[in-house]
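Trainee: Enclosed is the structure file final.cif (mmCIF, C-alpha atoms (C1' of nucleotides)).
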```cif
data_target
loop_
_atom_site.label_atom_id
_atom_site.label_comp_id
_atom_site.auth_asym_id
_atom_site.auth_seq_id
_atom_site.Cartn_x
_atom_site.Cartn_y
_atom_site.Cartn_z
CA MET A 1210 88.08 117.89 112.38
CA ALA A 1211 85.26 119.29 114.42
CA ARG A 1212 82.03 117.40 114.93
CA SER A 1213 83.72 114.07 115.33
CA ASN A 1214 81.55 111.23 116.72
CA GLN A 1215 82.62 108.47 114.36
CA ALA A 1216 86.30 109.31 114.37
CA SER A 1217 86.42 109.88 118.10
CA ALA A 1218 84.60 106.67 118.87
CA SER A 1219 86.97 104.80 116.62
CA ARG A 1220 89.98 106.27 118.38
CA ARG A 1221 88.48 105.15 121.64
CA THR A 1222 88.09 101.55 120.56
CA ASP A 1223 91.51 101.66 118.90
CA ILE A 1224 93.03 102.53 122.24
CA ILE A 1225 91.08 99.84 124.06
CA SER A 1226 92.16 97.23 121.52
CA ALA A 1227 95.75 98.36 121.85
CA ALA A 1228 95.49 98.24 125.63
CA ILE A 1229 94.14 94.68 125.57
CA GLU A 1230 97.12 93.56 123.52
CA VAL A 1231 99.77 95.44 125.43
CA PHE A 1232 98.40 94.67 128.88
CA ALA A 1233 98.04 90.99 128.01
CA GLU A 1234 101.51 90.67 126.52
CA ILE A 1235 103.48 92.77 128.98
CA GLY A 1236 101.38 92.74 132.10
CA TYR A 1237 99.14 95.56 133.26
CA TYR A 1238 101.45 97.03 135.87
CA ARG A 1239 104.57 96.73 133.79
CA ALA A 1240 102.96 97.99 130.60
CA THR A 1241 103.19 101.74 130.05
CA THR A 1242 100.62 104.08 128.59
CA ALA A 1243 103.29 105.03 126.06
CA GLN A 1244 103.35 101.44 124.82
CA VAL A 1245 99.58 101.43 124.51
CA ALA A 1246 99.73 104.72 122.63
CA GLU A 1247 102.41 103.43 120.27
CA ARG A 1248 100.31 100.35 119.49
CA ALA A 1249 97.34 102.61 118.78
CA ALA A 1250 99.56 104.89 116.68
CA ILE A 1251 98.92 108.00 118.73
CA SER A 1252 100.93 110.00 121.24
CA GLN A 1253 101.07 109.04 124.89
CA PRO A 1254 99.28 112.12 126.28
CA TYR A 1255 96.43 111.63 123.84
CA VAL A 1256 95.39 108.48 125.66
CA TYR A 1257 94.35 110.73 128.52
CA ARG A 1258 91.86 112.56 126.33
CA PHE A 1259 89.79 109.39 126.33
CA PHE A 1260 90.65 107.74 129.63
CA THR A 1261 91.30 109.71 132.75
CA SER A 1262 93.58 107.08 134.22
CA LYS A 1263 95.38 103.88 133.36
CA GLU A 1264 93.06 101.98 135.66
CA LEU A 1265 89.95 103.25 133.87
CA LEU A 1266 91.46 102.05 130.61
CA LEU A 1267 91.92 98.61 132.13
CA LEU A 1268 88.33 98.61 133.35
CA GLU A 1269 87.00 99.37 129.88
CA ALA A 1270 89.24 96.72 128.37
CA LEU A 1271 87.84 94.19 130.82
CA GLU A 1272 84.30 95.29 130.03
CA VAL A 1273 84.92 94.66 126.32
CA SER A 1274 86.25 91.18 127.03
CA TRP A 1275 83.33 90.19 129.25
CA GLN A 1276 80.75 91.52 126.81
CA ARG A 1277 82.31 89.52 124.02
CA MET A 1278 82.25 86.37 126.08
CA LEU A 1279 78.67 86.86 127.22
CA GLN A 1280 77.54 87.53 123.69
CA ALA A 1281 79.30 84.42 122.40
CA PHE A 1282 77.71 82.25 125.10
CA ALA A 1283 74.27 83.77 124.48
CA GLN A 1284 74.54 82.95 120.81
CA ALA A 1285 75.65 79.39 121.54
CA ARG A 1286 72.73 79.01 123.93
CA ASP A 1287 70.21 80.29 121.37
CA SER A 1288 71.47 78.27 118.42
CA ASN A 1289 71.86 74.82 119.94
CA SER A 1290 69.30 72.16 120.78
CA ALA A 1291 69.21 70.88 124.35
CA ASP A 1292 71.40 67.86 123.69
CA LEU A 1293 74.04 69.95 121.92
CA LEU A 1294 73.96 72.84 124.38
CA GLU A 1295 76.93 71.82 126.51
CA HIS A 1296 79.04 71.07 123.47
CA GLY A 1297 77.98 74.35 121.86
CA LEU A 1298 79.00 76.39 124.89
CA THR A 1299 82.34 74.60 125.03
CA GLN A 1300 82.87 75.26 121.34
CA ALA A 1301 82.05 78.93 121.84
CA TYR A 1302 84.72 79.18 124.52
CA ILE A 1303 87.29 77.43 122.36
CA GLU A 1304 86.64 79.92 119.58
CA ILE A 1305 87.06 82.86 121.92
CA MET A 1306 90.34 81.44 123.17
CA GLU A 1307 91.57 81.17 119.61
CA ALA A 1308 90.33 84.51 118.30
CA HIS A 1309 90.69 86.62 121.44
CA ARG A 1310 93.40 85.01 123.46
CA ASN A 1311 94.61 88.36 124.73
CA GLU A 1312 91.26 89.12 126.30
CA VAL A 1313 91.41 85.86 128.21
CA LEU A 1314 94.96 86.57 129.31
CA LEU A 1315 93.84 89.99 130.50
CA GLN A 1316 91.02 88.47 132.53
CA MET A 1317 93.45 86.03 134.08
CA GLN A 1318 95.69 88.88 135.12
CA ALA A 1319 92.76 90.77 136.58
CA GLN A 1320 91.88 87.77 138.73
CA THR A 1321 94.78 88.60 141.03
CA ILE A 1322 94.53 92.39 141.08
CA ARG A 1323 93.30 93.46 144.51
CA GLU A 1324 92.04 96.97 143.64
CA GLN A 1325 88.35 97.26 144.41
CA PRO A 1326 87.10 98.51 141.00
CA ILE A 1327 88.91 95.73 139.18
CA ARG A 1328 87.58 93.10 141.55
CA GLU A 1329 84.05 94.38 141.08
CA ALA A 1330 84.35 94.23 137.32
CA MET A 1331 85.69 90.68 137.48
CA ASN A 1332 83.02 89.67 139.97
CA GLN A 1333 80.25 90.93 137.78
CA GLY A 1334 81.67 89.38 134.62
CA ILE A 1335 82.05 85.93 136.11
CA ARG A 1336 78.71 86.07 137.84
CA GLN A 1337 76.97 86.95 134.58
CA VAL A 1338 78.65 84.09 132.75
CA GLN A 1339 77.75 81.69 135.55
CA GLN A 1340 74.13 82.82 135.51
CA LEU A 1341 73.85 82.54 131.74
CA VAL A 1342 75.27 79.01 131.71
CA LEU A 1343 73.16 77.92 134.66
CA ASP A 1344 69.96 79.25 133.07
CA ALA A 1345 70.82 77.56 129.80
CA PHE A 1346 71.41 74.21 131.49
CA ARG A 1347 68.17 74.55 133.43
CA GLN A 1348 66.11 75.46 130.41
CA ALA A 1349 67.63 72.55 128.52
CA GLY A 1350 66.36 70.32 131.30
CA LEU A 1351 69.78 68.92 132.16
CA GLU A 1352 70.18 67.08 135.43
CA ASN A 1353 72.08 68.73 138.24
CA PRO A 1354 72.57 72.04 136.43
CA GLU A 1355 74.49 73.62 139.34
CA GLN A 1356 77.07 70.86 139.27
CA ARG A 1357 77.32 71.00 135.49
CA THR A 1358 77.78 74.77 135.58
CA SER A 1359 80.52 74.47 138.16
CA ASP A 1360 82.22 71.76 136.10
CA PHE A 1361 81.93 73.87 132.96
CA LEU A 1362 83.53 76.86 134.62
CA ALA A 1363 86.24 74.69 136.15
CA ARG A 1364 87.14 73.24 132.76
CA GLY A 1365 87.25 76.80 131.42
CA MET A 1366 89.72 77.84 134.08
CA LEU A 1367 91.98 74.88 133.40
CA CYS A 1368 91.70 75.67 129.70
CA ASN A 1369 92.93 79.20 130.44
CA VAL A 1370 95.96 77.94 132.31
CA SER A 1371 96.67 75.38 129.63
CA MET A 1372 96.67 78.15 127.05
CA ALA A 1373 98.63 80.68 129.09
CA LEU A 1374 101.41 78.25 129.93
CA ASP A 1375 101.30 76.52 126.56
CA MET A 1376 100.58 73.14 128.14
CA PRO A 1377 97.99 71.41 125.95
CA ASP A 1378 98.52 68.16 127.90
CA LEU A 1379 96.63 69.65 130.82
CA MET A 1380 93.38 69.20 128.92
CA VAL A 1381 92.14 65.68 128.34
CA LYS A 1382 91.37 64.71 124.75
CA ASN A 1383 87.70 63.78 124.73
CA HIS A 1384 85.31 64.89 127.40
CA GLY A 1385 81.85 63.25 127.50
CA MET B 982 128.92 87.72 163.11
CA ALA B 983 131.38 85.81 160.99
CA ARG B 984 130.85 82.14 160.16
CA SER B 985 127.15 82.55 159.57
CA ASN B 986 125.24 79.64 157.91
CA GLN B 987 122.24 79.50 160.16
CA ALA B 988 121.66 83.22 160.36
CA SER B 989 122.27 83.78 156.70
CA ALA B 990 119.97 80.97 155.67
CA SER B 991 117.31 82.35 157.95
CA ARG B 992 117.63 85.80 156.40
CA ARG B 993 117.24 84.20 153.03
CA THR B 994 113.99 82.45 153.90
CA ASP B 995 112.79 85.57 155.70
CA ILE B 996 113.15 87.50 152.48
CA ILE B 997 111.41 84.81 150.45
CA SER B 998 108.52 84.72 152.89
CA ALA B 999 108.24 88.48 152.75
CA ALA B 1000 108.37 88.41 148.98
CA ILE B 1001 105.55 85.87 148.80
CA GLU B 1002 103.35 88.12 150.91
CA VAL B 1003 104.19 91.38 149.21
CA PHE B 1004 104.10 90.02 145.67
CA ALA B 1005 100.78 88.31 146.32
CA GLU B 1006 99.16 91.32 147.93
CA ILE B 1007 100.47 94.07 145.68
CA GLY B 1008 101.34 92.28 142.46
CA TYR B 1009 104.82 91.28 141.38
CA TYR B 1010 105.44 94.13 138.95
CA ARG B 1011 103.94 96.79 141.15
CA ALA B 1012 105.58 95.57 144.32
CA THR B 1013 108.96 97.10 145.07
CA THR B 1014 112.01 95.48 146.54
CA ALA B 1015 111.81 98.16 149.23
CA GLN B 1016 108.42 96.83 150.28
CA VAL B 1017 109.78 93.30 150.44
CA ALA B 1018 112.70 94.54 152.51
CA GLU B 1019 110.43 96.42 154.89
CA ARG B 1020 108.32 93.29 155.42
CA ALA B 1021 111.47 91.31 156.13
CA ALA B 1022 112.68 94.08 158.47
CA ILE B 1023 115.89 94.75 156.55
CA SER B 1024 117.08 97.46 154.22
CA GLN B 1025 116.30 97.46 150.51
CA PRO B 1026 119.87 97.02 149.25
CA TYR B 1027 120.37 94.05 151.51
CA VAL B 1028 117.89 92.07 149.47
CA TYR B 1029 120.47 92.10 146.70
CA ARG B 1030 123.03 90.37 148.87
CA PHE B 1031 120.86 87.26 148.63
CA PHE B 1032 119.12 87.62 145.30
CA THR B 1033 120.84 89.13 142.31
CA SER B 1034 117.60 90.35 140.78
CA LYS B 1035 113.94 90.81 141.55
CA GLU B 1036 113.09 88.09 139.07
CA LEU B 1037 115.35 85.58 140.79
CA LEU B 1038 113.58 86.35 144.03
CA LEU B 1039 110.25 85.62 142.37
CA LEU B 1040 111.61 82.35 141.00
CA GLU B 1041 112.68 81.19 144.44
CA ALA B 1042 109.34 82.23 145.90
CA LEU B 1043 107.58 80.15 143.28
CA GLU B 1044 109.86 77.22 143.99
CA VAL B 1045 108.93 77.34 147.67
CA SER B 1046 105.24 77.36 146.82
CA TRP B 1047 105.45 74.41 144.42
CA GLN B 1048 107.54 72.36 146.84
CA ARG B 1049 105.01 72.93 149.59
CA MET B 1050 102.17 71.86 147.34
CA LEU B 1051 103.97 68.76 146.10
CA GLN B 1052 104.87 67.75 149.61
CA ALA B 1053 101.29 68.18 150.79
CA PHE B 1054 99.94 66.07 147.94
CA ALA B 1055 102.59 63.40 148.49
CA GLN B 1056 101.59 63.15 152.11
CA ALA B 1057 97.90 62.92 151.23
CA ARG B 1058 98.70 60.20 148.72
CA ASP B 1059 100.71 58.20 151.23
CA SER B 1060 98.27 58.45 154.10
CA ASN B 1061 94.95 57.64 152.43
CA SER B 1062 93.46 54.35 151.35
CA ALA B 1063 92.42 54.00 147.70
CA ASP B 1064 88.80 54.92 148.30
CA LEU B 1065 89.71 58.02 150.27
CA LEU B 1066 92.52 59.14 147.98
CA GLU B 1067 90.58 61.67 145.92
CA HIS B 1068 89.00 63.18 149.01
CA GLY B 1069 92.39 63.27 150.73
CA LEU B 1070 94.02 65.14 147.86
CA THR B 1071 91.14 67.61 147.75
CA GLN B 1072 91.43 68.13 151.47
CA ALA B 1073 95.16 68.73 151.16
CA TYR B 1074 94.50 71.45 148.61
CA ILE B 1075 91.87 73.08 150.77
CA GLU B 1076 94.33 73.21 153.65
CA ILE B 1077 96.99 74.81 151.48
CA MET B 1078 94.53 77.42 150.32
CA GLU B 1079 93.70 78.25 153.91
CA ALA B 1080 97.20 78.23 155.33
CA HIS B 1081 99.16 79.51 152.33
CA ARG B 1082 96.74 81.58 150.34
CA ASN B 1083 99.47 83.98 149.30
CA GLU B 1084 101.46 81.23 147.64
CA VAL B 1085 98.44 80.30 145.56
CA LEU B 1086 97.85 83.93 144.65
CA LEU B 1087 101.48 84.19 143.60
CA GLN B 1088 101.18 81.14 141.38
CA MET B 1089 98.06 82.62 139.81
CA GLN B 1090 99.95 85.78 139.00
CA ALA B 1091 102.84 83.84 137.54
CA GLN B 1092 100.45 82.05 135.20
CA THR B 1093 100.24 85.18 133.07
CA ILE B 1094 103.86 86.32 133.20
CA ARG B 1095 105.41 85.78 129.79
CA GLU B 1096 109.11 85.79 130.79
CA GLN B 1097 110.75 82.52 129.90
CA PRO B 1098 112.25 81.62 133.31
CA ILE B 1099 108.93 82.19 135.05
CA ARG B 1100 107.06 80.14 132.49
CA GLU B 1101 109.52 77.29 132.89
CA ALA B 1102 109.13 77.30 136.66
CA MET B 1103 105.35 77.26 136.35
CA ASN B 1104 105.47 74.56 133.71
CA GLN B 1105 107.57 72.32 135.87
CA GLY B 1106 105.50 72.90 138.98
CA ILE B 1107 102.20 72.08 137.32
CA ARG B 1108 103.61 69.12 135.47
CA GLN B 1109 104.94 67.63 138.70
CA VAL B 1110 101.61 68.05 140.43
CA GLN B 1111 99.82 66.53 137.47
CA GLN B 1112 102.17 63.56 137.45
CA LEU B 1113 101.86 62.98 141.17
CA VAL B 1114 98.07 63.01 141.07
CA LEU B 1115 97.93 60.82 137.98
CA ASP B 1116 100.26 58.25 139.50
CA ALA B 1117 98.27 58.24 142.71
CA PHE B 1118 94.98 57.68 140.87
CA ARG B 1119 96.55 54.90 138.83
CA GLN B 1120 98.05 53.15 141.80
CA ALA B 1121 94.72 53.38 143.59
CA GLY B 1122 93.20 51.56 140.65
CA LEU B 1123 90.69 54.30 139.86
CA GLU B 1124 88.96 54.20 136.51
CA ASN B 1125 89.91 56.72 133.85
CA PRO B 1126 92.75 58.26 135.86
CA GLU B 1127 93.62 60.78 133.11
CA GLN B 1128 90.11 62.19 133.15
CA ARG B 1129 90.01 62.25 136.91
CA THR B 1130 93.35 64.05 137.06
CA SER B 1131 92.19 66.66 134.59
CA ASP B 1132 88.97 67.14 136.55
CA PHE B 1133 90.91 67.44 139.78
CA LEU B 1134 93.19 70.11 138.35
CA ALA B 1135 90.23 71.92 136.83
CA ARG B 1136 88.44 72.05 140.15
CA GLY B 1137 91.64 73.36 141.70
CA MET B 1138 91.82 76.19 139.19
CA LEU B 1139 88.21 77.19 139.80
CA CYS B 1140 88.91 76.99 143.51
CA ASN B 1141 91.78 79.45 143.03
CA VAL B 1142 89.57 81.94 141.21
CA SER B 1143 86.83 81.52 143.75
CA MET B 1144 89.30 82.37 146.49
CA ALA B 1145 91.02 85.23 144.67
CA LEU B 1146 87.77 86.98 143.80
CA ASP B 1147 86.09 86.07 147.06
CA MET B 1148 83.26 84.27 145.27
CA PRO B 1149 82.51 81.11 147.26
CA ASP B 1150 79.37 80.54 145.15
CA LEU B 1151 81.57 79.48 142.26
CA MET B 1152 82.25 76.19 144.00
CA VAL B 1153 79.41 73.74 144.32
CA LYS B 1154 78.60 72.53 147.84
CA ASN B 1155 79.11 68.78 147.74
CA HIS B 1156 81.12 67.04 145.09
CA GLY B 1157 80.91 63.25 144.86
"C1'" DT C 1432 87.75 133.72 104.74
"C1'" DC C 1433 87.98 133.39 109.25
"C1'" DA C 1434 86.94 132.20 113.96
"C1'" DA C 1435 85.47 128.64 116.87
"C1'" DA C 1436 86.12 124.01 117.82
"C1'" DT C 1437 88.31 119.83 117.54
"C1'" DA C 1438 92.37 116.63 116.91
"C1'" DG C 1439 96.62 115.92 118.13
"C1'" DT C 1440 101.62 116.42 119.89
"C1'" DA C 1441 106.01 118.20 122.35
"C1'" DA C 1442 107.78 119.25 126.47
"C1'" DT C 1443 107.72 118.82 131.15
"C1'" DT C 1444 107.01 117.38 135.95
"C1'" DG C 1445 107.04 115.14 140.16
"C1'" DG C 1446 107.72 110.92 141.56
"C1'" DT C 1447 109.31 106.07 141.75
"C1'" DC C 1448 112.24 102.10 141.30
"C1'" DA C 1449 115.93 98.41 140.60
"C1'" DA C 1450 120.38 98.09 141.26
"C1'" DT C 1451 125.18 99.75 142.77
"C1'" DC C 1452 128.67 101.44 145.77
"C1'" DA C 1453 130.75 103.18 149.66
"C1'" DA C 1454 130.62 103.14 154.29
"C1'" DT C 1455 129.66 101.46 159.07
"C1'" DA C 1456 128.36 98.20 162.73
"C1'" DA C 1457 128.84 93.76 164.81
"C1'" DT C 1458 131.27 89.64 165.80
"C1'" DA C 1459 134.50 86.02 166.12
"C1'" DA C 1460 139.24 84.18 166.24
"C1'" DG C 1461 143.75 84.43 167.87
"C1'" DC D 1334 142.63 93.84 172.45
"C1'" DT D 1335 142.86 93.85 167.76
"C1'" DT D 1336 142.26 92.50 163.29
"C1'" DA D 1337 139.93 90.01 159.75
"C1'" DT D 1338 135.39 88.88 158.43
"C1'" DT D 1339 130.74 89.17 158.02
"C1'" DA D 1340 126.28 91.76 158.45
"C1'" DT D 1341 123.93 95.63 157.28
"C1'" DT D 1342 122.74 100.20 155.90
"C1'" DG D 1343 122.92 105.19 153.71
"C1'" DA D 1344 123.39 107.55 149.78
"C1'" DT D 1345 123.08 107.66 145.04
"C1'" DT D 1346 122.09 106.89 140.16
"C1'" DG D 1347 120.12 106.53 135.84
"C1'" DA D 1348 116.18 105.15 133.84
"C1'" DC D 1349 111.41 105.27 133.51
"C1'" DC D 1350 106.53 106.52 134.06
"C1'" DA D 1351 101.63 108.50 134.80
"C1'" DA D 1352 99.69 112.54 134.31
"C1'" DT D 1353 99.56 117.71 133.15
"C1'" DT D 1354 100.30 121.70 130.52
"C1'" DA D 1355 101.20 124.33 126.77
"C1'" DC D 1356 101.34 124.35 122.26
"C1'" DT D 1357 100.28 123.31 116.99
"C1'" DA D 1358 97.53 121.63 113.17
"C1'" DT D 1359 93.28 120.70 111.04
"C1'" DT D 1360 88.53 121.03 110.18
"C1'" DT D 1361 84.11 123.15 109.74
"C1'" DG D 1362 80.27 126.05 109.79
"C1'" DA D 1363 78.65 130.60 108.88
#
```
Give the structure from this file in structure tokens form.
Mentor:
Amino acid sequence: MARSNQASASRRTDIISAAIEVFAEIGYYRATTAQVAERAAISQPYVYRFFTSKELLLLEALEVSWQRMLQAFAQARDSNSADLLEHGLTQAYIEIMEAHRNEVLLQMQAQTIREQPIREAMNQGIRQVQQLVLDAFRQAGLENPEQRTSDFLARGMLCNVSMALDMPDLMVKNHG
Amino acid sequence: MARSNQASASRRTDIISAAIEVFAEIGYYRATTAQVAERAAISQPYVYRFFTSKELLLLEALEVSWQRMLQAFAQARDSNSADLLEHGLTQAYIEIMEAHRNEVLLQMQAQTIREQPIREAMNQGIRQVQQLVLDAFRQAGLENPEQRTSDFLARGMLCNVSMALDMPDLMVKNHG
DNA sequence: TCAAATAGTAATTGGTCAATCAATAATAAG
DNA sequence: CTTATTATTGATTGACCAATTACTATTTGA
């Protein structure tokens, strides 16, 4: 099959999707490229046609997860009135945690990886989310938007832990 | 040196301390028992005289970290009046993050490890902290202690991320 | 129809690691 | 001293892994 484009791009995303699952379930360092390949239904060496190293594969997986989150928050921001904004953003995060749990688990893992490129990717992702939420709160005219942003992020982090450890009791029922 | 006791126990804690550092800095799965041994200034096989597996070593390292945290919170609870309780607990956590950053980083890593024994250790540790804080808030007569406990834990989680990624801006300056 | 290009795999390599075992050093008790 | 006991290490093993190389199959455009 010469003149790929479509097929090749699909393979690429197949591998990234497989990597997100395998890395999240097994742990990045423990997971092998052979396991990623198996999940993507290709051979292990073929992974290296698309990604020059395991770390670069992780970086692209993280990029996918951050883009999805940013896009979800942007949509929640654009489709909610000021008084429903905070609830809309929270709902958007809940939906991501349900539909893309593995991406959240991957981000949690990456939080403790000390390699510079990973840290930079995580830094940028979080900073973009923080900025988007802060801008949204400001434009909605909410009081103390910095504090609200910090609280929103904090609740998100506890939500992550609650999900990862399967401890729903960590989150309080209703939050006004 | 027959009739050890003291020496042997010291070796044991030496290894655990080394493991906390190495696991936190390098990552549990990537870190090798040889690196732990080197940090503890012993040979790699000797680690296995005290811990039958790498996982058991991690479990004991986690136990140390949770006990330290629980003890710090208990002390803050017992040595603060009701109106200073929340501030005292926060201060206790800040001091742990400064003096025992590696233990926090280790706990963060363990949050995403799917192995049953690790999950159980993490579950128990968090639940104990949650219970201690909740009881303290209740006994201090604070309003809505469940909500306050959840908020306290949430702020702690964001604090962890802020530290791990070296992003102090994630935390808001003053929190009343 | 056939050659260039692309898609894909098998086989291999150099290296690493957790765990075991056999041996040696150090020490204490009698 | 010397012998039992404990402390500690050297050497090894079998499995595994990221990455490379060499190879095969398929497609396509002229």
Trainee: Please return, as a PyMOL selection string, all residues of chain B lying within 10 Å of chain A when all atoms listed in the file are considered.
Mentor: chain B and resi 1005-1012+1086-1096+1099-1101+1103-1104+1107-1108+1111+1127-1148+1150-1156
Trainee: To one decimal place in Å, what is the distance between C1' of DA1453 (chain C) and CA of Tyr1027 (chain B)?
Mentor: 13.9 Å
Trainee: To verify the selection step, state as a list of chain:residue names which residues the PyMOL selection byres ((chain C) within 8 of (chain B)) yields on this input.
Mentor: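 Checked against the file, the PyMOL selection byres ((chain C) within 8 of (chain B)) matches C:DC1448, C:DA1449, C:DA1457, C:DT1458, C:DA1459.
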Trainee: Compute the set of chain D residues within 9 Å of chain A, using only C-alpha atoms (C1' of nucleotides), and express it as JSON, numbers by chain.
Mentor: {"D": [1350, 1351, 1352, 1353, 1359, 1360, 1361]}
Trainee: Check what the PyMOL selection byres ((chain A and resi 1348) around 12) selects in the file above and give those residues as a list in words.
Mentor: Arg1286, Asp1287, Asn1289, Ser1290, Ala1291, Asp1292, Leu1294, Leu1341, Val1342, Leu1343, Asp1344, Ala1345, Phe1346, Arg1347, Ala1349, Gly1350, Leu1351, Glu1352, Asn1353 and Pro1354 of chain A
Trainee: By how many Å are CA of Glu1264 (chain A) and C1' of DA1355 (chain D) apart?
Mentor: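 Computed distance, CA of Glu1264 (chain A) to C1' of DA1355 (chain D), equals 25.4 Å.
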Trainee: How far is it from CA of Ser1252 (chain A) to CA of Ile1224 (chain A), in Å with one decimal?
Mentor: 10.9 Å
Trainee: Care to translate the PyMOL selection byres ((chain C and resi 1440) around 8) into actual residues of this file, as a tab-separated table (two decimals) with C-alpha atoms (C1' of nucleotides), in the frame of the given file?
Mentor:
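And here's result_12.tsv as it stands now:
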```tsv
chain	number	residue	atom	x	y	z
A	1252	SER	CA	100.93	110.00	121.24
C	1439	DG	C1'	96.62	115.92	118.13
C	1441	DA	C1'	106.01	118.20	122.35
D	1357	DT	C1'	100.28	123.31	116.99
```
Trainee: Applying 12 Å and only C-alpha atoms (C1' of nucleotides), which residues near DC1452 (chain C) remain after dropping the ones on its own chain fewer than 5 positions away? List them as an NGL selection string.
Mentor: (:B and (1026)) or (:D and (1342-1346))
Trainee: Do a neighbour search on DT1336 (chain D) at 10 Å with only C-alpha atoms (C1' of nucleotides), toss out local chain neighbours closer than 2 positions, and write the hits as a list of chain:residue names.
Mentor: C:DA1460, C:DG1461, D:DC1334, D:DT1338
Trainee: Identify the residues around (83.6, 90.5, 129.2) within a radius of 9 Å, measuring from all atoms listed in the file in the coordinates stated by the file, and give them as a list in words.
Mentor: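 Output of the proximity query reads Ala1270, Leu1271, Glu1272, Val1273, Ser1274, Trp1275, Gln1276, Arg1277, Met1278, Leu1279, Gln1280, Glu1312, Gln1316, Ala1330, Met1331, Gly1334, Ile1335 and Val1338 of chain A.
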Trainee: Could region 1337-1349 of chain A be completed with N, CA and C atoms and written as a CSV table (one decimal), in the frame of the given file, please?
Mentor:
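The resulting rebuild_16.csv:
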```csv
chain,number,residue,atom,x,y,z
A,1337,GLN,N,77.9,86.9,135.7
A,1337,GLN,CA,77.0,87.0,134.6
A,1337,GLN,C,77.1,85.7,133.7
A,1338,VAL,N,78.4,85.3,133.5
A,1338,VAL,CA,78.6,84.1,132.8
A,1338,VAL,C,78.0,82.9,133.5
A,1339,GLN,N,78.3,82.8,134.8
A,1339,GLN,CA,77.8,81.7,135.6
A,1339,GLN,C,76.2,81.6,135.4
A,1340,GLN,N,75.6,82.8,135.6
A,1340,GLN,CA,74.1,82.8,135.5
A,1340,GLN,C,73.6,82.4,134.1
A,1341,LEU,N,74.3,82.9,133.1
A,1341,LEU,CA,73.8,82.5,131.7
A,1341,LEU,C,73.9,81.0,131.5
A,1342,VAL,N,75.1,80.4,131.9
A,1342,VAL,CA,75.3,79.0,131.7
A,1342,VAL,C,74.3,78.2,132.5
A,1343,LEU,N,74.1,78.6,133.8
A,1343,LEU,CA,73.2,77.9,134.7
A,1343,LEU,C,71.7,78.0,134.1
A,1344,ASP,N,71.3,79.1,133.7
A,1344,ASP,CA,70.0,79.2,133.1
A,1344,ASP,C,69.8,78.4,131.8
A,1345,ALA,N,70.9,78.4,131.0
A,1345,ALA,CA,70.8,77.6,129.8
A,1345,ALA,C,70.7,76.1,130.1
A,1346,PHE,N,71.5,75.6,131.1
A,1346,PHE,CA,71.4,74.2,131.5
A,1346,PHE,C,70.0,73.9,132.1
A,1347,ARG,N,69.5,74.8,132.8
A,1347,ARG,CA,68.2,74.6,133.4
A,1347,ARG,C,67.1,74.5,132.4
A,1348,GLN,N,67.1,75.4,131.4
A,1348,GLN,CA,66.1,75.5,130.4
A,1348,GLN,C,66.2,74.3,129.5
A,1349,ALA,N,67.5,73.7,129.4
A,1349,ALA,CA,67.6,72.6,128.5
A,1349,ALA,C,67.2,71.3,129.3
```
